[in-house]
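The structure file structure36.csv is reproduced below (CSV, C-alpha atoms).
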```csv
chain,number,residue,atom,x,y,z
B,1,MET,CA,-1.2,-52.6,11.5
B,2,ARG,CA,-4.8,-53.6,11.1
B,3,LYS,CA,-4.5,-53.3,7.3
B,4,LYS,CA,-1.4,-55.4,7.3
B,5,THR,CA,-3.1,-58.1,9.4
B,6,TYR,CA,-6.0,-58.3,6.9
B,7,ALA,CA,-3.7,-58.3,3.9
B,8,THR,CA,-1.7,-61.2,5.4
B,9,ALA,CA,-4.9,-63.0,6.3
B,10,ALA,CA,-6.2,-62.7,2.8
B,11,LEU,CA,-2.9,-64.1,1.5
B,12,PHE,CA,-3.2,-67.0,3.8
B,13,ALA,CA,-6.8,-67.7,2.7
B,14,ALA,CA,-5.8,-67.5,-0.9
B,15,ALA,CA,-2.6,-69.6,-0.6
B,16,ALA,CA,-4.1,-72.5,1.2
B,17,LEU,CA,-7.0,-73.2,3.4
B,18,THR,CA,-4.7,-74.4,6.1
B,19,LEU,CA,-3.7,-73.0,9.4
B,20,SER,CA,-0.1,-72.3,10.2
B,21,ALA,CA,1.6,-71.1,13.4
B,22,CYS,CA,3.1,-67.9,12.1
B,23,GLY,CA,5.0,-65.8,14.6
B,24,SER,CA,4.1,-62.2,14.9
B,25,GLY,CA,7.6,-60.8,14.4
B,26,ASP,CA,7.0,-57.6,16.3
B,27,ASP,CA,5.8,-59.2,19.5
B,28,SER,CA,6.8,-61.8,22.0
B,29,ALA,CA,7.8,-65.2,20.7
B,30,GLU,CA,5.2,-67.0,22.9
B,31,PRO,CA,3.5,-70.0,21.4
B,32,VAL,CA,0.3,-69.0,19.9
B,33,THR,CA,-3.2,-70.3,19.3
B,34,VAL,CA,-3.7,-70.4,15.6
B,35,VAL,CA,-6.7,-69.2,13.7
B,36,SER,CA,-7.0,-68.9,10.0
B,37,GLY,CA,-7.5,-65.6,8.2
B,38,SER,CA,-10.5,-66.6,6.1
B,39,THR,CA,-12.7,-63.6,5.7
B,40,LYS,CA,-15.5,-65.0,3.5
B,41,ALA,CA,-18.4,-66.8,5.1
B,42,ALA,CA,-18.2,-69.9,2.8
B,43,THR,CA,-16.0,-71.3,0.1
B,44,VAL,CA,-17.6,-73.9,-2.2
B,45,LEU,CA,-15.3,-76.6,-3.7
B,46,ASP,CA,-17.2,-77.6,-6.8
B,47,ASP,CA,-14.4,-79.5,-8.6
B,48,ASN,CA,-12.2,-80.5,-5.8
B,49,PRO,CA,-14.2,-81.7,-2.8
B,50,TYR,CA,-12.5,-83.0,0.3
B,51,GLU,CA,-12.7,-86.7,1.0
B,52,LYS,CA,-14.3,-87.5,4.4
B,53,PRO,CA,-11.4,-88.4,6.7
B,54,ASP,CA,-11.1,-92.1,7.7
B,55,LEU,CA,-11.3,-91.2,11.4
B,56,VAL,CA,-12.0,-93.6,14.2
B,57,LEU,CA,-12.1,-91.9,17.6
B,58,THR,CA,-14.0,-92.0,20.9
B,59,ASP,CA,-17.4,-90.2,21.3
B,60,THR,CA,-18.7,-88.5,24.5
B,61,THR,CA,-20.2,-91.8,25.8
B,62,GLY,CA,-16.8,-93.4,25.6
B,63,LYS,CA,-17.7,-95.6,22.6
B,64,LYS,CA,-15.7,-96.0,19.4
B,65,TYR,CA,-17.0,-93.7,16.6
B,66,ASP,CA,-16.1,-94.3,13.0
B,67,LEU,CA,-16.7,-91.0,11.2
B,68,ARG,CA,-17.2,-92.5,7.7
B,69,ALA,CA,-19.5,-95.3,8.9
B,70,GLU,CA,-21.6,-93.2,11.3
B,71,THR,CA,-22.1,-90.3,8.9
B,72,LYS,CA,-22.5,-92.2,5.6
B,73,GLY,CA,-25.3,-90.7,3.5
B,74,ARG,CA,-26.0,-87.9,6.0
B,75,PRO,CA,-25.4,-84.2,5.7
B,76,THR,CA,-22.5,-83.7,8.1
B,77,LEU,CA,-20.6,-80.7,9.4
B,78,VAL,CA,-17.2,-81.2,10.9
B,79,TYR,CA,-15.3,-78.7,13.1
B,80,VAL,CA,-11.9,-79.1,14.7
B,81,GLY,CA,-11.4,-77.2,18.0
B,82,TYR,CA,-11.2,-77.5,21.8
B,83,THR,CA,-13.4,-76.6,24.7
B,84,HIS,CA,-11.0,-74.4,26.6
B,85,CYS,CA,-11.5,-71.9,23.8
B,86,PRO,CA,-13.4,-68.8,24.8
B,87,ASP,CA,-14.3,-67.2,21.5
B,88,VAL,CA,-14.4,-68.8,18.1
B,89,CYS,CA,-15.0,-72.5,19.0
B,90,PRO,CA,-18.2,-72.0,21.1
B,91,LEU,CA,-19.4,-69.2,18.7
B,92,THR,CA,-19.0,-71.5,15.7
B,93,MET,CA,-20.8,-74.4,17.4
B,94,ASN,CA,-23.6,-72.2,18.8
B,95,ASN,CA,-24.1,-70.6,15.3
B,96,ILE,CA,-24.6,-74.1,13.9
B,97,ALA,CA,-26.9,-75.1,16.8
B,98,VAL,CA,-29.2,-72.1,16.3
B,99,ALA,CA,-29.3,-72.6,12.5
B,100,LYS,CA,-30.0,-76.3,12.9
B,101,LYS,CA,-33.1,-75.7,15.0
B,102,GLN,CA,-34.6,-73.8,12.1
B,103,LEU,CA,-34.5,-77.0,9.9
B,104,PRO,CA,-37.6,-79.2,9.7
B,105,LYS,CA,-37.5,-81.9,12.4
B,106,ALA,CA,-36.8,-84.7,10.0
B,107,GLU,CA,-33.8,-82.8,8.5
B,108,GLN,CA,-32.5,-82.0,12.0
B,109,ASP,CA,-32.5,-85.7,12.8
B,110,LYS,CA,-30.5,-86.5,9.6
B,111,LEU,CA,-27.9,-83.8,10.2
B,112,ARG,CA,-24.7,-84.8,11.9
B,113,VAL,CA,-22.6,-82.1,13.6
B,114,VAL,CA,-19.2,-83.4,14.7
B,115,PHE,CA,-16.8,-81.6,16.9
B,116,VAL,CA,-13.3,-83.1,16.9
B,117,THR,CA,-11.0,-81.9,19.7
B,118,THR,CA,-7.4,-80.8,19.2
B,119,ASP,CA,-6.9,-81.0,23.0
B,120,PRO,CA,-7.6,-84.7,23.9
B,121,ALA,CA,-5.8,-84.4,27.3
B,122,ARG,CA,-8.3,-81.9,28.7
B,123,ASP,CA,-11.2,-82.8,26.4
B,124,THR,CA,-12.0,-86.2,27.8
B,125,PRO,CA,-15.3,-87.8,26.6
B,126,ALA,CA,-17.0,-86.5,29.7
B,127,ALA,CA,-15.6,-83.0,29.5
B,128,LEU,CA,-16.5,-82.8,25.8
B,129,GLY,CA,-20.0,-84.2,26.6
B,130,THR,CA,-20.6,-81.5,29.3
B,131,TRP,CA,-19.5,-78.7,27.0
B,132,LEU,CA,-21.6,-79.9,24.0
B,133,LYS,CA,-24.7,-80.5,26.1
B,134,GLY,CA,-24.6,-76.7,26.8
B,135,ILE,CA,-24.7,-76.1,23.1
B,136,ASP,CA,-26.8,-78.9,21.5
B,137,SER,CA,-27.1,-82.4,23.0
B,138,ASP,CA,-27.3,-84.0,19.6
B,139,PHE,CA,-23.9,-82.8,18.6
B,140,ILE,CA,-21.2,-85.4,18.4
B,141,GLY,CA,-17.9,-84.9,20.2
B,142,LEU,CA,-14.8,-86.9,19.3
B,143,THR,CA,-11.6,-87.3,21.2
B,144,GLY,CA,-8.7,-89.8,21.3
B,145,ASP,CA,-5.1,-90.1,20.2
B,146,PHE,CA,-3.7,-86.7,19.1
B,147,ASP,CA,-1.8,-88.2,16.1
B,148,THR,CA,-5.0,-89.7,14.8
B,149,ILE,CA,-6.8,-86.4,15.2
B,150,GLN,CA,-4.0,-84.5,13.5
B,151,ALA,CA,-4.1,-86.9,10.6
B,152,GLY,CA,-7.8,-86.5,10.3
B,153,ALA,CA,-7.6,-82.7,10.4
B,154,ARG,CA,-4.8,-82.8,7.8
B,155,ALA,CA,-7.2,-84.7,5.4
B,156,LEU,CA,-9.4,-81.6,5.7
B,157,HIS,CA,-6.5,-79.4,5.0
B,158,ILE,CA,-6.6,-78.1,8.6
B,159,THR,CA,-3.2,-78.1,10.3
B,160,VAL,CA,-3.3,-78.4,14.1
B,161,GLU,CA,-0.5,-78.7,16.6
B,162,PRO,CA,-0.5,-80.5,19.9
B,163,THR,CA,-1.4,-78.6,23.0
B,164,THR,CA,1.7,-77.2,24.6
B,165,LYS,CA,2.7,-75.2,27.6
B,166,ASP,CA,4.2,-71.8,26.9
B,167,LYS,CA,7.1,-70.3,28.8
B,168,ASN,CA,4.7,-68.9,31.5
B,169,GLY,CA,3.2,-72.4,32.0
B,170,LYS,CA,0.0,-71.5,30.2
B,171,THR,CA,-1.6,-74.2,28.2
B,172,VAL,CA,-1.9,-73.3,24.5
B,173,SER,CA,-4.2,-75.2,22.2
B,174,VAL,CA,-5.0,-74.8,18.6
B,175,HIS,CA,-8.3,-74.7,16.7
B,176,GLY,CA,-9.3,-74.6,13.1
B,177,THR,CA,-11.7,-72.0,11.9
B,178,GLN,CA,-13.2,-74.0,9.1
B,179,VAL,CA,-16.3,-75.9,9.3
B,180,VAL,CA,-16.4,-78.5,6.5
B,181,ALA,CA,-19.9,-79.5,5.2
B,182,PHE,CA,-20.2,-83.0,3.7
B,183,SER,CA,-22.8,-83.9,1.2
B,184,PRO,CA,-25.3,-86.7,2.0
B,185,LYS,CA,-25.2,-87.8,-1.7
B,186,THR,CA,-21.4,-88.2,-2.2
B,187,ASP,CA,-20.1,-88.0,1.4
B,188,ALA,CA,-17.5,-85.5,0.1
B,189,GLY,CA,-16.9,-82.1,1.6
B,190,TYR,CA,-17.9,-79.3,-0.7
B,191,VAL,CA,-18.4,-76.2,1.5
B,192,LEU,CA,-15.9,-74.6,3.9
B,193,TYR,CA,-17.1,-72.0,6.4
B,194,GLY,CA,-14.6,-69.5,7.9
B,195,GLU,CA,-15.0,-67.9,11.3
B,196,LYS,CA,-16.9,-65.0,9.9
B,197,ALA,CA,-19.9,-67.3,9.1
B,198,THR,CA,-22.9,-66.2,11.1
B,199,VAL,CA,-26.1,-67.8,12.2
B,200,ASP,CA,-27.8,-66.3,9.1
B,201,ASP,CA,-25.2,-67.9,6.8
B,202,TYR,CA,-25.7,-71.3,8.3
B,203,THR,CA,-29.5,-70.9,8.4
B,204,LYS,CA,-29.5,-70.0,4.7
B,205,ASP,CA,-27.3,-72.8,3.7
B,206,LEU,CA,-28.2,-75.8,5.9
B,207,PRO,CA,-31.5,-76.6,4.0
B,208,LYS,CA,-29.4,-76.9,0.8
B,209,ILE,CA,-26.6,-78.9,2.4
B,210,ALA,CA,-29.2,-81.2,3.9
B,211,GLU,CA,-30.4,-82.0,0.3
B,212,GLY,CA,-26.9,-82.5,-1.0
B,213,LYS,CA,-26.9,-79.2,-2.9
B,214,ASN,CA,-24.2,-76.6,-2.7
B,215,PRO,CA,-25.3,-73.2,-1.4
K,1,MET,CA,-10.0,-8.3,29.4
K,2,SER,CA,-13.2,-10.3,29.2
K,3,ARG,CA,-11.7,-12.9,26.8
K,4,ARG,CA,-9.5,-14.8,29.1
K,5,PRO,CA,-11.9,-15.7,31.9
K,6,ARG,CA,-14.5,-16.7,29.3
K,7,ARG,CA,-12.0,-19.1,27.7
K,8,HIS,CA,-11.2,-20.6,31.0
K,9,THR,CA,-14.8,-21.2,31.8
K,10,GLY,CA,-15.3,-22.8,28.4
K,11,LEU,CA,-12.5,-25.3,29.1
K,12,LEU,CA,-13.9,-26.2,32.5
K,13,THR,CA,-17.3,-26.8,31.0
K,14,ALA,CA,-15.8,-29.1,28.4
K,15,CYS,CA,-14.0,-30.9,31.2
K,16,SER,CA,-17.1,-31.5,33.2
K,17,LEU,CA,-19.0,-32.6,30.1
K,18,VAL,CA,-16.4,-35.3,29.6
K,19,LEU,CA,-16.7,-36.3,33.2
K,20,ALA,CA,-20.4,-36.6,32.8
K,21,THR,CA,-20.2,-38.9,29.8
K,22,ALA,CA,-17.3,-40.9,31.0
K,23,GLY,CA,-18.7,-41.7,34.4
K,24,THR,CA,-15.9,-42.4,36.9
K,25,LEU,CA,-13.1,-41.7,34.5
K,26,THR,CA,-10.7,-38.9,35.3
K,27,ALA,CA,-10.8,-36.4,32.5
K,28,CYS,CA,-9.1,-33.6,34.4
K,29,GLY,CA,-5.5,-33.5,35.5
K,30,PRO,CA,-4.7,-34.3,39.1
K,31,ASP,CA,-4.7,-30.6,40.2
K,32,GLY,CA,-8.1,-30.0,38.6
K,33,SER,CA,-6.6,-28.1,35.7
K,34,PRO,CA,-8.2,-28.7,32.3
K,35,SER,CA,-7.0,-31.8,30.5
K,36,SER,CA,-4.0,-31.5,28.4
K,37,SER,CA,-3.4,-33.6,25.3
K,38,ALA,CA,-1.4,-36.1,27.5
K,39,THR,CA,-4.4,-37.0,29.7
K,40,PRO,CA,-6.4,-39.9,28.4
K,41,GLU,CA,-10.1,-39.5,28.3
K,42,LEU,CA,-11.6,-42.9,28.1
K,43,LYS,CA,-15.1,-44.2,27.5
K,44,VAL,CA,-16.0,-47.9,27.5
K,45,THR,CA,-18.9,-49.0,25.3
K,46,GLY,CA,-20.4,-52.1,23.8
K,47,ALA,CA,-19.3,-54.5,26.5
K,48,TYR,CA,-20.8,-58.0,26.4
K,49,MET,CA,-20.0,-61.6,27.3
K,50,PRO,CA,-21.4,-64.4,25.0
K,51,ALA,CA,-23.2,-66.9,27.3
K,52,PRO,CA,-20.7,-69.7,27.9
K,53,SER,CA,-21.5,-73.3,27.5
K,54,THR,CA,-19.9,-74.3,30.8
K,55,ASP,CA,-18.3,-72.7,33.9
K,56,THR,CA,-14.8,-73.5,32.5
K,57,MET,CA,-14.3,-70.6,30.2
K,58,ALA,CA,-15.9,-67.4,28.9
K,59,ALA,CA,-14.9,-64.5,26.6
K,60,GLY,CA,-15.5,-60.8,27.0
K,61,PHE,CA,-15.6,-57.9,24.5
K,62,PHE,CA,-15.8,-54.1,24.7
K,63,THR,CA,-14.5,-51.0,23.0
K,64,VAL,CA,-12.4,-48.3,24.7
K,65,THR,CA,-12.7,-44.9,23.0
K,66,ASN,CA,-10.1,-42.3,23.9
K,67,SER,CA,-10.5,-38.6,23.2
K,68,GLY,CA,-7.3,-37.7,25.0
K,69,GLY,CA,-3.7,-38.8,25.3
K,70,ALA,CA,-2.5,-42.4,25.1
K,71,ASP,CA,-3.1,-44.9,27.9
K,72,THR,CA,-2.4,-48.6,28.5
K,73,LEU,CA,-4.8,-51.3,29.6
K,74,THR,CA,-2.6,-53.2,32.0
K,75,SER,CA,-4.9,-55.9,33.5
K,76,VAL,CA,-8.5,-56.9,34.0
K,77,THR,CA,-10.2,-58.4,37.0
K,78,SER,CA,-13.6,-59.7,37.8
K,79,ASP,CA,-15.5,-61.4,40.6
K,80,LEU,CA,-16.5,-64.1,38.0
K,81,SER,CA,-13.0,-65.4,37.8
K,82,ASP,CA,-9.6,-65.0,39.4
K,83,ASP,CA,-8.0,-65.8,36.1
K,84,VAL,CA,-8.8,-63.1,33.5
K,85,THR,CA,-6.3,-62.8,30.6
K,86,MET,CA,-6.1,-60.6,27.5
K,87,HIS,CA,-5.5,-62.1,24.1
K,88,ALA,CA,-4.7,-60.5,20.8
K,89,THR,CA,-4.9,-61.8,17.2
K,90,VAL,CA,-1.7,-60.9,15.4
K,91,ASP,CA,-1.4,-62.0,11.8
K,92,GLY,CA,-4.1,-64.5,12.2
K,93,ALA,CA,-2.7,-66.0,15.4
K,94,MET,CA,-4.0,-65.6,18.9
K,95,GLN,CA,-1.6,-64.9,21.8
K,96,GLU,CA,-1.8,-63.7,25.3
K,97,LYS,CA,-0.6,-60.2,26.0
K,98,LYS,CA,0.4,-58.4,29.2
K,99,SER,CA,-1.0,-55.0,28.1
K,100,PHE,CA,-2.8,-53.2,25.3
K,101,THR,CA,-2.2,-49.6,24.2
K,102,VAL,CA,-5.2,-47.3,24.0
K,103,PRO,CA,-4.0,-44.9,21.3
K,104,ALA,CA,-4.4,-41.1,21.7
K,105,GLU,CA,-7.6,-39.9,20.1
K,106,GLY,CA,-8.3,-43.5,19.1
K,107,THR,CA,-9.9,-46.8,20.1
K,108,LEU,CA,-9.0,-50.1,21.5
K,109,ALA,CA,-11.4,-52.8,20.4
K,110,PHE,CA,-11.9,-56.2,21.9
K,111,ALA,CA,-14.1,-57.9,19.3
K,112,SER,CA,-14.9,-61.5,18.4
K,113,GLY,CA,-12.3,-63.0,16.1
K,114,GLY,CA,-9.8,-60.4,17.3
K,115,ASN,CA,-8.8,-59.3,20.8
K,116,HIS,CA,-10.7,-60.9,23.6
K,117,LEU,CA,-10.8,-61.2,27.3
K,118,MET,CA,-10.6,-64.8,28.5
K,119,PHE,CA,-12.2,-65.7,31.9
K,120,ALA,CA,-11.1,-69.1,33.1
K,121,LYS,CA,-12.4,-71.2,36.0
K,122,LEU,CA,-15.6,-69.2,36.5
K,123,THR,CA,-17.2,-69.0,40.0
K,124,HIS,CA,-20.4,-70.0,38.2
K,125,LYS,CA,-21.8,-70.3,34.7
K,126,PRO,CA,-23.4,-66.9,34.0
K,127,GLY,CA,-26.7,-66.9,32.3
K,128,GLN,CA,-28.1,-64.7,29.6
K,129,GLY,CA,-29.3,-61.4,31.0
K,130,GLU,CA,-26.9,-61.5,34.0
K,131,LYS,CA,-24.4,-58.7,34.4
K,132,VAL,CA,-20.8,-59.5,35.1
K,133,SER,CA,-18.8,-56.9,37.0
K,134,VAL,CA,-15.5,-56.3,35.3
K,135,GLU,CA,-12.7,-53.9,36.3
K,136,LEU,CA,-10.4,-52.6,33.6
K,137,HIS,CA,-7.1,-51.3,35.0
K,138,PHE,CA,-5.4,-48.5,33.1
K,139,ALA,CA,-1.9,-47.2,33.7
K,140,LYS,CA,-3.0,-43.5,33.7
K,141,SER,CA,-6.8,-43.5,34.1
K,142,GLY,CA,-6.8,-46.1,36.9
K,143,THR,CA,-9.6,-48.6,37.4
K,144,VAL,CA,-12.7,-48.4,35.3
K,145,ARG,CA,-15.5,-50.7,36.5
K,146,ILE,CA,-17.9,-51.9,33.8
K,147,SER,CA,-21.0,-54.0,33.9
K,148,MET,CA,-20.8,-56.6,31.2
K,149,PRO,CA,-24.2,-58.0,30.1
K,150,VAL,CA,-24.3,-61.7,29.2
K,151,LYS,CA,-25.7,-62.0,25.7
K,152,PRO,CA,-26.8,-65.1,23.7
K,153,ALA,CA,-23.9,-67.3,22.7
K,154,THR,CA,-24.4,-66.3,19.1
K,155,TYR,CA,-24.7,-62.6,19.7
K,156,ASP,CA,-23.3,-60.4,16.9
K,157,PRO,CA,-22.8,-56.8,17.9
K,158,LYS,CA,-23.2,-55.8,14.2
K,159,THR,CA,-26.8,-57.0,14.1
K,160,GLY,CA,-27.5,-56.6,17.8
K,161,ARG,CA,-28.9,-60.2,18.2
```

Take the structure in the file and write it out as structure tokens.
Amino acid sequence: MRKKTYATAALFAAAALTLSACGSGDDSAEPVTVVSGSTKAATVLDDNPYEKPDLVLTDTTGKKYDLRAETKGRPTLVYVGYTHCPDVCPLTMNNIAVAKKQLPKAEQDKLRVVFVTTDPARDTPAALGTWLKGIDSDFIGLTGDFDTIQAGARALHITVEPTTKDKNGKTVSVHGTQVVAFSPKTDAGYVLYGEKATVDDYTKDLPKIAEGKNP
Amino acid sequence: MSRRPRRHTGLLTACSLVLATAGTLTACGPDGSPSSSATPELKVTGAYMPAPSTDTMAAGFFTVTNSGGADTLTSVTSDLSDDVTMHATVDGAMQEKKSFTVPAEGTLAFASGGNHLMFAKLTHKPGQGEKVSVELHFAKSGTVRISMPVKPATYDPKTGR
């Protein structure tokens, strides 16, 4: 079973760096929260970097935030998730927060870490702000219209579905597992981190990303 | 003549040894007879909770090692939350499950990125170093109370930090 899971995960990772809501087949047909099966800490897209999505949303202070304009020329990490996520979302953001603190102060100030929610109904600017403050008060949280968020995620090859209620009335949201790192030189996304990426991986790579080099 | 009683004693000793390591878990049958292959012998190790960012939600992890027959984890309760649910990762997707099998002579692992406990609407935001009391309810072995230490949010059991 475990083997099978890994094999399938590897296939997913190889086929496309997207998430898809695959049913389990041998279990209940409940809606699921989707995570990708990427097993490597980082993938570098040398020849085919991602374009930074043209995404205008609302930040945690309630102000309009234009991702391209605000992060232009800055090393930027983007993650798509939601705060009612107990495991992978806070772990990912905390891993980045710890690694960030090991950069020189000037580099820390340049770095932009952007968390885009997939669950805008629950993740209001205030809720997002409270959650991020518990991780790193410099992190940017974006919320807004789900369709806009979905289109932005799609530009990063991350597929997210709207938050739904399952048959037991439980709210089910979806998160990506990739963190996309954008270069301050070209504003394109060259590095994808999967959910296995640790504090050490980010600590090792962030100084290079800050300089616009690929790790 | 002397073989039988000795063998009997040996089994009893083995039984109490298991009792000693497993704490409150029942390792012997209900009538005190030595455990048969059908009786689960559970041990819970490696429990931890990554320090949550808010009091909205927290995760919990642990490993159940079973040196006996199969058992089933049917529910989890805690005084930190009235809403503790169990989630599995199946083919890369996370879904809530009503129960988890603890295989005979095997392990059931709740580990980051895979199975996890989800504590919702916490009574308070637990801080690092705090111990959260959690009860694991098994179909055969009954309730096992564990003390789940709150670790740094980035804790990785592989490196222990």

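Atom pair CA of Ala139 (chain K) / CA of Asp82 (chain K) has a distance of 20.2 Å (rounded to one decimal).
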
Residue with smallest distance to Glu195 (chain B) - pool B:Ser183, B:Asn95, B:Thr148, B:Thr130, counting all atoms listed in the file:
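Nearest to Glu195 (chain B): B:Asn95.
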
Atom-to-atom span, CA of Gly152 (chain B) and CA of Leu111 (chain B), Å
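According to the coordinates, CA of Gly152 (chain B) and CA of Leu111 (chain B) are separated by 20.3 Å.
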
May I have the residues of chain K within 9 Å of chain B, counting all atoms listed in the file, written as a VMD selection string?
chain K and resid 50 52 to 54 56 to 60 89 to 97 112 to 113 116 to 120 153 to 156

Go ahead and save the residues from that selection, with C-alpha atoms, as a short mmCIF file (atom, residue, chain, number, x, y, z; two decimals), keeping the file's coordinate frame.
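See selection_37.cif below for the written result:
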```
data_model
loop_
_atom_site.label_atom_id
_atom_site.label_comp_id
_atom_site.auth_asym_id
_atom_site.auth_seq_id
_atom_site.Cartn_x
_atom_site.Cartn_y
_atom_site.Cartn_z
CA PRO K 50 -21.40 -64.40 25.00
CA PRO K 52 -20.70 -69.70 27.90
CA SER K 53 -21.50 -73.30 27.50
CA THR K 54 -19.90 -74.30 30.80
CA THR K 56 -14.80 -73.50 32.50
CA MET K 57 -14.30 -70.60 30.20
CA ALA K 58 -15.90 -67.40 28.90
CA ALA K 59 -14.90 -64.50 26.60
CA GLY K 60 -15.50 -60.80 27.00
CA THR K 89 -4.90 -61.80 17.20
CA VAL K 90 -1.70 -60.90 15.40
CA ASP K 91 -1.40 -62.00 11.80
CA GLY K 92 -4.10 -64.50 12.20
CA ALA K 93 -2.70 -66.00 15.40
CA MET K 94 -4.00 -65.60 18.90
CA GLN K 95 -1.60 -64.90 21.80
CA GLU K 96 -1.80 -63.70 25.30
CA LYS K 97 -0.60 -60.20 26.00
CA SER K 112 -14.90 -61.50 18.40
CA GLY K 113 -12.30 -63.00 16.10
CA HIS K 116 -10.70 -60.90 23.60
CA LEU K 117 -10.80 -61.20 27.30
CA MET K 118 -10.60 -64.80 28.50
CA PHE K 119 -12.20 -65.70 31.90
CA ALA K 120 -11.10 -69.10 33.10
CA ALA K 153 -23.90 -67.30 22.70
CA THR K 154 -24.40 -66.30 19.10
CA TYR K 155 -24.70 -62.60 19.70
CA ASP K 156 -23.30 -60.40 16.90
#
```

Tell me which protein, DNA and RNA residues are within 6 Å of Thr65 (chain K), counting all atoms listed in the file, leaving out same-chain ones fewer than 4 positions away, and put them as a list of chain:residue names.
K:Leu42, K:Lys43, K:Thr107

Residues just named, written with C-alpha atoms as a PDB file, keeping the file's coordinate frame:
```pdb
ATOM      1  CA  LEU K  42     -11.600 -42.900  28.100  1.00  0.00           C
ATOM      2  CA  LYS K  43     -15.100 -44.200  27.500  1.00  0.00           C
ATOM      3  CA  THR K 107      -9.900 -46.800  20.100  1.00  0.00           C
TER       4      THR K 107
END
```

I'd like the neighbourhood of Leu122 (chain K) as a PyMOL selection string, where a residue qualifies if any of its atoms comes within 6 Å (using all atoms listed in the file), though same-chain residues fewer than 4 positions away should be ignored.
chain K and resi 55-56+80-81

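Here CA of Lys131 (chain K) and CA of Ala111 (chain K) stand 18.3 Å from one another.
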
Shell around region 62-79 of chain B at 6 Å using only C-alpha atoms, local window under 6 positions removed, as a list in words:
Leu55, Val56, Lys110, Leu111, Arg112, Val113, Val114, Phe115, Pro125, Val179, Val180, Ala181, Phe182, Ser183, Pro184, Lys185 and Ala210 of chain B

Would you please work out which residue, of K:Asn115, K:Thr74, K:Ser99, K:Ser67, is nearest to Leu136 (chain K) when using all atoms listed in the file?
K:Thr74

Counting all atoms listed in the file, select every polymer residue within 7 Å of (-10.0, -49.3, 31.0) as defined in the file's coordinates, and provide the selection as a ChimeraX atom specification.
/K:64,73,136-138,143-144

Using all atoms listed in the file, which of B:Val116, B:Ile158, B:Cys89, B:Leu142 sits nearest Thr61 (chain B)?
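Under the stated criterion, the closest residue is B:Leu142.
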